[in-house]
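Below: run_23.txt (compact mmCIF, C-alpha atoms and all ligand atoms)
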```
# COMPACT_ATOMS: atom_id res chain seq x y z
CA MET A 29 28.37 -31.26 -8.87
CA LEU A 30 24.91 -31.36 -7.25
CA ALA A 31 26.32 -30.32 -3.89
CA LYS A 32 28.20 -27.40 -5.45
CA ILE A 33 25.07 -26.19 -7.22
CA LYS A 34 23.08 -26.32 -3.99
CA GLU A 35 25.87 -24.55 -2.10
CA THR A 36 26.04 -21.75 -4.68
CA ALA A 37 22.26 -21.31 -4.75
CA GLU A 38 22.18 -21.24 -0.97
CA TYR A 39 24.86 -18.53 -0.89
CA ILE A 40 22.98 -16.40 -3.43
CA ARG A 41 19.72 -16.74 -1.49
CA GLY A 42 21.53 -15.52 1.60
CA ARG A 43 23.00 -12.51 -0.22
CA VAL A 44 19.76 -11.19 -1.73
CA SER A 45 17.35 -9.31 0.50
CA THR A 46 14.37 -9.64 -1.86
CA PRO A 47 12.57 -12.79 -3.05
CA ILE A 48 14.42 -14.59 -5.86
CA PRO A 49 12.76 -13.81 -9.21
CA THR A 50 11.56 -16.42 -11.68
CA THR A 51 13.06 -14.59 -14.69
CA ALA A 52 16.74 -14.45 -15.59
CA ILE A 53 18.60 -12.53 -18.30
CA ILE A 54 22.05 -13.20 -19.71
CA LEU A 55 23.71 -10.12 -21.16
CA GLY A 56 26.12 -10.81 -24.00
CA THR A 57 29.19 -9.05 -25.39
CA GLY A 58 28.79 -5.28 -25.44
CA LEU A 59 25.32 -5.57 -23.92
CA GLY A 60 26.24 -5.34 -20.23
CA ALA A 61 25.09 -1.73 -19.92
CA LEU A 62 21.52 -2.99 -20.09
CA VAL A 63 21.78 -3.29 -16.33
CA ASP A 64 21.40 0.52 -16.26
CA SER A 65 17.71 -0.12 -16.92
CA ILE A 66 17.42 -2.37 -13.88
CA ALA A 67 16.11 -0.57 -10.78
CA ASP A 68 16.88 -1.29 -7.10
CA LYS A 69 19.96 -3.25 -8.02
CA GLN A 70 21.82 -5.65 -5.76
CA TYR A 71 25.20 -6.70 -7.20
CA ILE A 72 27.06 -9.88 -6.45
CA PRO A 73 30.46 -9.99 -8.20
CA TYR A 74 31.13 -13.43 -9.64
CA ASN A 75 34.40 -13.67 -7.74
CA GLU A 76 32.48 -13.57 -4.44
CA ILE A 77 30.17 -16.44 -5.37
CA PRO A 78 31.39 -19.88 -4.26
CA ASN A 79 32.03 -22.30 -7.15
CA PHE A 80 31.32 -19.61 -9.75
CA PRO A 81 33.81 -19.31 -12.60
CA VAL A 82 35.27 -15.85 -13.21
CA SER A 83 34.76 -14.22 -16.61
CA THR A 84 38.04 -13.37 -18.33
CA VAL A 85 36.97 -11.44 -21.42
CA GLU A 86 36.94 -7.70 -21.89
CA GLY A 87 33.37 -6.44 -22.24
CA HIS A 88 32.08 -9.07 -19.80
CA SER A 89 31.98 -7.39 -16.39
CA GLY A 90 31.14 -10.38 -14.24
CA ASN A 91 28.27 -9.61 -11.86
CA LEU A 92 25.08 -11.25 -10.85
CA ILE A 93 22.44 -8.56 -10.49
CA PHE A 94 19.07 -8.66 -8.80
CA GLY A 95 16.55 -5.89 -9.31
CA ARG A 96 13.50 -4.81 -11.28
CA LEU A 97 13.14 -4.41 -15.01
CA GLY A 98 9.99 -2.33 -15.41
CA ASP A 99 7.65 -3.94 -12.87
CA ARG A 100 9.26 -7.36 -12.98
CA PRO A 101 11.85 -8.70 -10.57
CA VAL A 102 14.75 -10.15 -12.56
CA MET A 103 18.11 -11.76 -12.06
CA ALA A 104 20.72 -10.73 -14.64
CA MET A 105 24.10 -12.14 -15.53
CA GLN A 106 26.38 -9.32 -16.60
CA GLY A 107 28.96 -11.39 -18.41
CA ARG A 108 28.93 -15.09 -19.22
CA PHE A 109 31.39 -17.95 -19.55
CA HIS A 110 32.64 -19.09 -22.93
CA PHE A 111 34.06 -22.41 -24.02
CA TYR A 112 36.96 -20.60 -25.75
CA GLU A 113 38.11 -19.24 -22.38
CA GLY A 114 39.10 -22.79 -21.54
CA TYR A 115 36.16 -23.83 -19.35
CA ASP A 116 34.57 -27.18 -19.98
CA MET A 117 30.88 -27.25 -20.82
CA LYS A 118 29.81 -28.14 -17.27
CA THR A 119 31.49 -24.93 -16.08
CA VAL A 120 30.10 -22.81 -18.94
CA THR A 121 26.58 -23.91 -18.00
CA PHE A 122 27.02 -24.04 -14.22
CA PRO A 123 25.11 -20.75 -13.72
CA ILE A 124 22.11 -22.20 -15.55
CA ARG A 125 21.98 -25.16 -13.16
CA VAL A 126 22.15 -22.67 -10.29
CA MET A 127 19.33 -20.63 -11.84
CA HIS A 128 17.15 -23.73 -11.94
CA GLU A 129 17.99 -24.49 -8.32
CA LEU A 130 16.94 -20.91 -7.48
CA GLY A 131 13.58 -21.41 -9.20
CA ILE A 132 14.12 -19.57 -12.49
CA LYS A 133 11.36 -20.45 -14.99
CA THR A 134 12.16 -18.20 -17.95
CA LEU A 135 15.54 -17.31 -19.41
CA PHE A 136 16.28 -14.41 -21.75
CA VAL A 137 19.62 -14.70 -23.55
CA SER A 138 21.42 -12.15 -25.69
CA ASN A 139 24.60 -12.21 -27.70
CA ALA A 140 26.61 -10.46 -30.37
CA ALA A 141 26.74 -12.37 -33.63
CA GLY A 142 27.97 -12.20 -37.18
CA GLY A 143 25.20 -12.14 -39.80
CA MET A 144 25.28 -14.47 -42.79
CA ASN A 145 21.80 -13.69 -44.07
CA PRO A 146 22.19 -11.17 -46.94
CA GLU A 147 19.13 -9.25 -45.71
CA PHE A 148 20.82 -8.40 -42.42
CA GLU A 149 22.50 -5.09 -41.62
CA ILE A 150 24.98 -4.26 -38.87
CA GLY A 151 23.01 -3.20 -35.79
CA ASP A 152 20.01 -5.40 -36.59
CA ILE A 153 18.31 -7.37 -33.84
CA MET A 154 17.71 -11.01 -34.73
CA ILE A 155 15.17 -12.98 -32.72
CA ILE A 156 16.62 -16.48 -32.44
CA THR A 157 14.09 -19.01 -33.74
CA ASP A 158 16.37 -22.03 -33.55
CA HIS A 159 20.02 -23.00 -33.29
CA ILE A 160 22.63 -25.36 -34.71
CA ASN A 161 25.04 -26.73 -32.14
CA LEU A 162 28.57 -26.94 -33.56
CA PHE A 163 30.43 -26.94 -30.25
CA PRO A 164 32.89 -29.83 -29.98
CA GLU A 165 31.67 -30.87 -26.52
CA HIS A 166 28.04 -31.36 -25.51
CA PRO A 167 26.98 -29.78 -22.19
CA LEU A 168 24.84 -32.84 -21.35
CA ARG A 169 27.61 -35.36 -21.98
CA GLY A 170 28.12 -37.59 -18.95
CA LYS A 171 25.88 -38.72 -16.14
CA ASN A 172 22.28 -37.56 -16.41
CA TYR A 173 20.40 -36.49 -13.31
CA GLU A 174 16.77 -37.44 -13.84
CA GLU A 175 15.63 -34.77 -11.38
CA TRP A 176 16.92 -32.18 -13.88
CA GLY A 177 15.58 -33.71 -17.05
CA PRO A 178 15.63 -36.68 -19.41
CA ARG A 179 18.71 -38.41 -20.82
CA PHE A 180 17.58 -37.57 -24.36
CA PRO A 181 15.90 -34.16 -24.18
CA ASP A 182 13.55 -32.93 -26.88
CA MET A 183 14.80 -29.85 -28.75
CA SER A 184 11.85 -29.32 -31.12
CA GLU A 185 11.12 -25.94 -29.53
CA ALA A 186 14.37 -24.75 -27.99
CA TYR A 187 13.18 -21.13 -28.30
CA SER A 188 9.66 -20.46 -27.07
CA GLN A 189 7.26 -19.84 -29.95
CA ARG A 190 4.99 -17.99 -27.55
CA LEU A 191 7.72 -15.51 -26.57
CA ILE A 192 8.90 -15.14 -30.19
CA ALA A 193 5.35 -14.18 -31.23
CA HIS A 194 5.11 -11.63 -28.37
CA ALA A 195 8.51 -10.15 -29.27
CA LYS A 196 7.53 -9.74 -32.92
CA ASP A 197 4.33 -7.95 -31.88
CA ILE A 198 6.27 -5.66 -29.55
CA ALA A 199 8.81 -4.76 -32.24
CA LYS A 200 6.01 -3.96 -34.65
CA GLU A 201 4.19 -1.77 -32.14
CA LYS A 202 7.39 0.10 -31.34
CA GLY A 203 8.48 0.42 -34.96
CA ILE A 204 11.73 -1.49 -34.33
CA ARG A 205 13.13 -3.47 -37.28
CA VAL A 206 13.66 -7.06 -36.15
CA MET A 207 14.90 -9.98 -38.15
CA HIS A 208 14.61 -13.60 -37.11
CA GLY A 209 16.70 -16.63 -37.81
CA VAL A 210 18.88 -19.55 -36.85
CA TYR A 211 21.92 -19.03 -34.62
CA VAL A 212 24.96 -21.20 -35.22
CA GLY A 213 26.97 -21.78 -32.05
CA THR A 214 30.65 -22.39 -32.65
CA GLN A 215 33.62 -22.54 -30.31
CA GLY A 216 35.70 -19.57 -31.56
CA PRO A 217 37.83 -17.72 -30.65
CA THR A 218 38.60 -17.03 -34.32
CA PHE A 219 36.00 -15.17 -36.31
CA GLU A 220 35.03 -17.05 -39.44
CA THR A 221 36.86 -17.28 -42.73
CA PRO A 222 34.72 -16.29 -45.73
CA ALA A 223 34.37 -20.00 -46.58
CA GLU A 224 33.18 -20.78 -43.03
CA TYR A 225 30.54 -18.02 -43.12
CA ARG A 226 29.35 -19.40 -46.47
CA TYR A 227 29.26 -22.93 -45.03
CA PHE A 228 27.26 -21.84 -41.97
CA HIS A 229 24.79 -20.08 -44.22
CA ILE A 230 24.46 -23.11 -46.51
CA ILE A 231 23.70 -25.43 -43.59
CA GLY A 232 20.87 -23.15 -42.47
CA GLY A 233 22.41 -20.49 -40.26
CA ASP A 234 21.52 -16.78 -40.32
CA ALA A 235 23.96 -15.65 -37.63
CA VAL A 236 27.00 -17.14 -35.91
CA GLY A 237 28.48 -16.63 -32.48
CA MET A 238 30.53 -18.24 -29.73
CA SER A 239 27.97 -18.61 -26.93
CA THR A 240 24.30 -19.17 -26.06
CA VAL A 241 23.79 -22.69 -27.43
CA PRO A 242 25.25 -24.50 -24.38
CA GLU A 243 23.21 -22.39 -21.96
CA VAL A 244 20.01 -22.86 -23.95
CA ILE A 245 20.49 -26.64 -24.13
CA VAL A 246 20.97 -26.87 -20.37
CA ALA A 247 18.01 -24.57 -19.69
CA ARG A 248 15.76 -26.63 -21.95
CA HIS A 249 17.02 -29.84 -20.36
CA MET A 250 15.47 -28.59 -17.11
CA GLY A 251 12.29 -27.23 -18.71
CA ILE A 252 13.20 -23.54 -18.47
CA GLU A 253 11.47 -21.51 -21.19
CA VAL A 254 13.94 -19.60 -23.40
CA PHE A 255 13.89 -16.44 -25.49
CA GLY A 256 17.02 -15.35 -27.33
CA VAL A 257 18.20 -12.39 -29.38
CA SER A 258 21.36 -11.73 -31.34
CA VAL A 259 22.66 -8.29 -32.14
CA ILE A 260 24.25 -8.40 -35.57
CA THR A 261 27.63 -6.76 -35.10
CA ASP A 262 29.36 -7.72 -38.35
CA LEU A 263 28.49 -9.38 -41.63
CA GLY A 264 29.73 -12.66 -43.01
CA VAL A 265 27.79 -12.29 -46.22
CA GLU A 266 29.34 -13.72 -49.37
CA GLY A 267 31.29 -11.08 -51.27
CA ILE A 268 31.30 -8.53 -48.43
CA VAL A 269 33.20 -10.23 -45.63
CA GLU A 270 35.35 -7.57 -43.98
CA LYS A 271 37.92 -7.65 -41.22
CA VAL A 272 36.31 -7.83 -37.80
CA SER A 273 37.68 -7.22 -34.31
CA HIS A 274 36.35 -7.65 -30.76
CA GLU A 275 36.34 -3.84 -30.41
CA GLU A 276 34.09 -3.43 -33.45
CA VAL A 277 31.79 -6.16 -32.17
CA GLN A 278 31.52 -4.38 -28.80
CA LYS A 279 30.89 -1.00 -30.44
CA ALA A 280 28.17 -2.30 -32.74
CA ALA A 281 26.51 -4.18 -29.88
CA GLN A 282 26.54 -1.07 -27.70
CA ALA A 283 24.94 0.97 -30.48
CA ALA A 284 22.10 -1.53 -30.80
CA GLN A 285 21.60 -1.89 -27.05
CA PRO A 286 18.68 0.55 -26.62
CA LYS A 287 16.58 -1.27 -29.25
CA MET A 288 17.23 -4.61 -27.66
CA MET A 289 16.49 -3.23 -24.22
CA GLU A 290 13.15 -1.84 -25.32
CA ILE A 291 12.05 -5.21 -26.68
CA MET A 292 13.39 -7.18 -23.71
CA THR A 293 11.84 -4.89 -21.09
CA GLU A 294 8.44 -4.96 -22.72
CA LEU A 295 8.59 -8.72 -23.24
CA VAL A 296 9.65 -9.44 -19.66
CA ASN A 297 6.76 -7.32 -18.42
CA ARG A 298 4.12 -8.65 -20.80
CA PHE A 299 4.50 -12.41 -21.09
N1 LIG B 301 31.54 -14.78 -35.66
C1 LIG B 301 31.54 -15.40 -34.48
N2 LIG B 301 31.22 -14.79 -33.36
C2 LIG B 301 30.86 -13.51 -33.41
C3 LIG B 301 30.84 -12.81 -34.61
C4 LIG B 301 31.20 -13.48 -35.80
O1 LIG B 301 31.22 -12.92 -36.92
N3 LIG B 301 30.42 -11.55 -34.34
C5 LIG B 301 30.22 -11.50 -33.00
N4 LIG B 301 30.47 -12.68 -32.44
```

Before we go any further, please render this structure as structure tokens.
Ligand code: HPA
Amino acid sequence: MLAKIKETAEYIRGRVSTPIPTTAIILGTGLGALVDSIADKQYIPYNEIPNFPVSTVEGHSGNLIFGRLGDRPVMAMQGRFHFYEGYDMKTVTFPIRVMHELGIKTLFVSNAAGGMNPEFEIGDIMIITDHINLFPEHPLRGKNYEEWGPRFPDMSEAYSQRLIAHAKDIAKEKGIRVMHGVYVGTQGPTFETPAEYRYFHIIGGDAVGMSTVPEVIVARHMGIEVFGVSVITDLGVEGIVEKVSHEEVQKAAQAAQPKMMEIMTELVNRF
């Protein structure tokens, strides 16, 4: 495991002609076009990276991108790995271990999610303030490497309060409506039944999705600061649960992309 991580990081260092940035971004479902805002791009397709899993889902292109977002050098993952694709949690979070090896200090994550909070509307941006981990396997299960982090990591501030405060200020200045709330991470691949949406809301969730939580746990394990946003692509609000499809999720995410990009770009450049 450690040797593979070092090998992958070494390969990436050799492929990139500019210094490796300290900021990374993970682009979620329907949000991959955000790379259009990245200047001076260098692409590394996942299938060329040793030990890297290959993304299998439509809407997840599968490239590692190095470039500049505004004035900041960034590394972006266009496409991520999901537990429902059949990967175990060590594989899902492998890129985060590689990021740490490369010297990443701050991670920005995005995803598409279903909204359970009755105040939410489709197309809303939700700043993630906290999460509830409902995945059936924990990414830190197994041997702990002390050089990464402690056996029993603290999760009292999984999402950086400092970055949340900056993001709220930015949204206000730019007149962008942002919500905030708790993201429930679940394995999928089914969307929720009305009873499941209700349950996730009762236990404290505002939005639900099939990603993010494993990556955030592993990032926090290694002391990487995290900021996360969900784009609300469908509603699981009691009484108005409608049919939902991956195509609709992608479409709604794409429509909300510019708003998310504006906040992300400003935040990356300001913090
Ligand atoms: N549930 C789970 N995952 C999702 C949803 C949802 O309603 N929308 C987008 N990803």

Would you write out, as CSV, a table of all residues in region 129-194 of chain A that have an atom no more than 12 Å from an atom of region 273-283 of chain A, listing for each the closest atom pair and the distance in Å to one decimal, considering all atoms listed in the file and ordering rows by chain and rising residue number?
```
residue,atom,partner,partner_atom,distance
A:Ser138,CA,A:Ala281,CA,10.3
A:Asn139,CA,A:Ala281,CA,8.5
A:Ala140,CA,A:Ala281,CA,6.3
A:Ala141,CA,A:Val277,CA,8.1
A:Gly142,CA,A:Val277,CA,8.7
A:Gly143,CA,A:Val277,CA,11.7
A:Glu149,CA,A:Ala280,CA,10.9
A:Ile150,CA,A:Ala280,CA,7.2
A:Gly151,CA,A:Ala280,CA,6.1
A:Asp152,CA,A:Ala281,CA,9.4
A:Ile153,CA,A:Ala281,CA,9.6
```

Discussion item. Just want the 8 Å neighbourhood of region 297-299 of chain A, counted on all atoms listed in the file, with same-chain residues fewer than 3 positions away dropped. Output as a VMD selection string.
Written reply: chain A and resid 97 to 100 191 194 293 to 294

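Across A:Glu174, A:Glu35, A:Glu224, A:Glu76, the tightest approach to ligand LIG 301 (chain B) is made by A:Glu224 when counting only C-alpha atoms and all ligand atoms.
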
Practice prompt. Residues within 10 Å of ligand LIG 301 (chain B), counting all atoms listed in the file: report them as an MDAnalysis selection string.
Written response: chainID A and resid 56:58 139:144 212:221 224:225 235:239 258:265 269:274 276:278 280:281

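Reported to one decimal place, the separation of CA of Phe180 (chain A) from CA of Met103 (chain A) is 28.6 Å.
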
Per-axis box centre and lengths in Å around region 249-264 of chain A, 3 Å margin per side, axis-aligned, as JSON:
```
{"center_x": 20.6, "center_y": -18.3, "center_z": -30.1, "size_x": 24.3, "size_y": 29.1, "size_z": 31.9}
```

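The two atoms in question, CA of Gly267 (chain A) and CA of Pro164 (chain A), are spaced 28.4 Å apart.
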
Discussion item. Which residues are near Gly233 (chain A)? Cut-off 8 Å, all atoms listed in the file, ignore same chain within fewer than 4 positions. Put them as a VMD selection string.
Written reply: chain A and resid 144 to 145 159 to 160 209 to 212 228 to 229

Fill in: Nearest to Ile77 (chain A), chosen from A:Gly107, A:Val246, A:Pro123, A:Gly95, with all atoms listed in the file counted in the distances
A:Pro123

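Closest to Ile192 (chain A) among A:Tyr227, A:Gly42, A:Gly256, A:Ile54 is A:Gly256, based on all atoms listed in the file.
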
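Relative to CA of Gln106 (chain A), CA of Leu55 (chain A) is found at 5.3 Å.
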
Item to complete: Find the residues near Val102 (chain A): any atom within 12 Å, counting only C-alpha atoms, skip ones fewer than 6 places away on the same chain, and give them as a PyMOL selection string.
Response: chain A and resi 44+46-54+63+65-70+92-96+127+131-136+292-293+296-297

Taking 4 positions as the minimum chain separation for residues in the same chain, which residues sit within 9 Å of Ile198 (chain A) when counting all atoms listed in the file? Answer as an mmCIF file with C-alpha atoms, keeping the file's coordinate frame.
```
data_model
loop_
_atom_site.group_PDB
_atom_site.id
_atom_site.type_symbol
_atom_site.label_atom_id
_atom_site.label_comp_id
_atom_site.auth_asym_id
_atom_site.auth_seq_id
_atom_site.Cartn_x
_atom_site.Cartn_y
_atom_site.Cartn_z
ATOM 1 C CA ALA A 193 5.350 -14.180 -31.230
ATOM 2 C CA HIS A 194 5.110 -11.630 -28.370
ATOM 3 C CA LYS A 202 7.390 0.100 -31.340
ATOM 4 C CA GLY A 203 8.480 0.420 -34.960
ATOM 5 C CA ILE A 204 11.730 -1.490 -34.330
ATOM 6 C CA GLU A 290 13.150 -1.840 -25.320
ATOM 7 C CA ILE A 291 12.050 -5.210 -26.680
ATOM 8 C CA GLU A 294 8.440 -4.960 -22.720
ATOM 9 C CA LEU A 295 8.590 -8.720 -23.240
#
```

Discussion item. What's around Ala186 (chain A) at 12 Å? Count only C-alpha atoms, leave out sequence neighbours fewer than 4 positions away in its own chain, and write the answer as a ChimeraX atom specification.
Written reply: /A:135,156-161,181-182,190-192,210-211,240-256

I need region 221-232 of chain A written out with all heavy atoms, as a CSV table (one decimal), in the first residue's frame; please produce it.
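Output file part-v4.csv is given in full below:
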```
chain,number,residue,atom,x,y,z
A,221,THR,N,-35.7,5.7,-1.1
A,221,THR,CA,-37.2,5.6,-1.0
A,221,THR,C,-37.7,6.8,-0.2
A,221,THR,O,-36.9,7.4,0.5
A,221,THR,CB,-37.6,4.3,-0.3
A,221,THR,OG1,-37.2,4.4,1.1
A,221,THR,CG2,-37.1,3.0,-1.0
A,222,PRO,N,-38.9,7.2,-0.4
A,222,PRO,CA,-39.4,8.3,0.4
A,222,PRO,C,-39.2,8.1,1.9
A,222,PRO,O,-38.8,9.0,2.7
A,222,PRO,CB,-40.9,8.3,0.1
A,222,PRO,CG,-41.0,7.7,-1.3
A,222,PRO,CD,-39.9,6.7,-1.3
A,223,ALA,N,-39.3,6.8,2.4
A,223,ALA,CA,-39.1,6.6,3.8
A,223,ALA,C,-37.6,6.8,4.2
A,223,ALA,O,-37.3,7.2,5.3
A,223,ALA,CB,-39.5,5.1,4.2
A,224,GLU,N,-36.7,6.4,3.3
A,224,GLU,CA,-35.3,6.6,3.6
A,224,GLU,C,-34.9,8.1,3.6
A,224,GLU,O,-34.1,8.5,4.5
A,224,GLU,CB,-34.4,5.9,2.5
A,224,GLU,CG,-34.4,4.4,2.7
A,224,GLU,CD,-33.9,3.6,1.5
A,224,GLU,OE1,-33.8,4.1,0.4
A,224,GLU,OE2,-33.6,2.4,1.7
A,225,TYR,N,-35.4,8.9,2.7
A,225,TYR,CA,-35.2,10.3,2.7
A,225,TYR,C,-35.7,10.9,4.1
A,225,TYR,O,-35.0,11.7,4.7
A,225,TYR,CB,-35.9,11.1,1.6
A,225,TYR,CG,-35.3,11.0,0.2
A,225,TYR,CD1,-36.0,10.4,-0.9
A,225,TYR,CD2,-34.0,11.4,0.0
A,225,TYR,CE1,-35.4,10.4,-2.1
A,225,TYR,CE2,-33.4,11.4,-1.3
A,225,TYR,CZ,-34.2,10.9,-2.3
A,225,TYR,OH,-33.6,10.8,-3.6
A,226,ARG,N,-36.9,10.5,4.5
A,226,ARG,CA,-37.4,11.0,5.7
A,226,ARG,C,-36.5,10.6,6.9
A,226,ARG,O,-36.2,11.4,7.8
A,226,ARG,CB,-38.9,10.4,5.9
A,226,ARG,CG,-39.5,10.8,7.2
A,226,ARG,CD,-41.1,10.8,7.1
A,226,ARG,NE,-41.6,9.7,6.3
A,226,ARG,CZ,-41.9,8.5,6.7
A,226,ARG,NH1,-41.7,8.2,7.9
A,226,ARG,NH2,-42.3,7.6,5.8
A,227,TYR,N,-36.1,9.3,6.9
A,227,TYR,CA,-35.2,8.8,7.9
A,227,TYR,C,-33.9,9.6,8.0
A,227,TYR,O,-33.4,10.1,9.1
A,227,TYR,CB,-34.9,7.3,7.6
A,227,TYR,CG,-33.7,6.7,8.3
A,227,TYR,CD1,-33.7,6.6,9.7
A,227,TYR,CD2,-32.7,6.2,7.6
A,227,TYR,CE1,-32.6,6.0,10.3
A,227,TYR,CE2,-31.6,5.5,8.2
A,227,TYR,CZ,-31.5,5.5,9.5
A,227,TYR,OH,-30.5,4.9,10.1
A,228,PHE,N,-33.3,9.9,6.8
A,228,PHE,CA,-32.0,10.7,6.8
A,228,PHE,C,-32.2,12.1,7.3
A,228,PHE,O,-31.3,12.7,7.9
A,228,PHE,CB,-31.4,10.7,5.4
A,228,PHE,CG,-30.9,9.3,4.9
A,228,PHE,CD1,-30.8,9.0,3.6
A,228,PHE,CD2,-30.5,8.4,5.8
A,228,PHE,CE1,-30.3,7.8,3.1
A,228,PHE,CE2,-30.0,7.1,5.4
A,228,PHE,CZ,-29.9,6.8,4.1
A,229,HIS,N,-33.4,12.6,7.0
A,229,HIS,CA,-33.7,14.0,7.5
A,229,HIS,C,-33.9,13.9,9.1
A,229,HIS,O,-33.3,14.8,9.8
A,229,HIS,CB,-34.9,14.5,6.9
A,229,HIS,CG,-35.1,16.0,7.1
A,229,HIS,ND1,-36.4,16.5,7.4
A,229,HIS,CD2,-34.3,17.0,7.1
A,229,HIS,CE1,-36.2,17.8,7.7
A,229,HIS,NE2,-34.9,18.2,7.5
A,230,ILE,N,-34.6,12.9,9.5
A,230,ILE,CA,-34.8,12.8,11.0
A,230,ILE,C,-33.5,12.7,11.8
A,230,ILE,O,-33.3,13.2,12.8
A,230,ILE,CB,-35.8,11.6,11.3
A,230,ILE,CG1,-37.2,11.9,10.8
A,230,ILE,CG2,-35.8,11.3,12.8
A,230,ILE,CD1,-38.2,10.7,10.8
A,231,ILE,N,-32.6,11.9,11.2
A,231,ILE,CA,-31.3,11.7,12.0
A,231,ILE,C,-30.4,12.9,11.8
A,231,ILE,O,-29.3,12.9,12.4
A,231,ILE,CB,-30.6,10.4,11.5
A,231,ILE,CG1,-30.1,10.4,10.1
A,231,ILE,CG2,-31.5,9.2,11.8
A,231,ILE,CD1,-29.2,9.3,9.7
A,232,GLY,N,-30.8,13.9,11.1
A,232,GLY,CA,-30.0,15.2,11.1
A,232,GLY,C,-29.4,15.5,9.7
A,232,GLY,O,-28.6,16.5,9.7
```
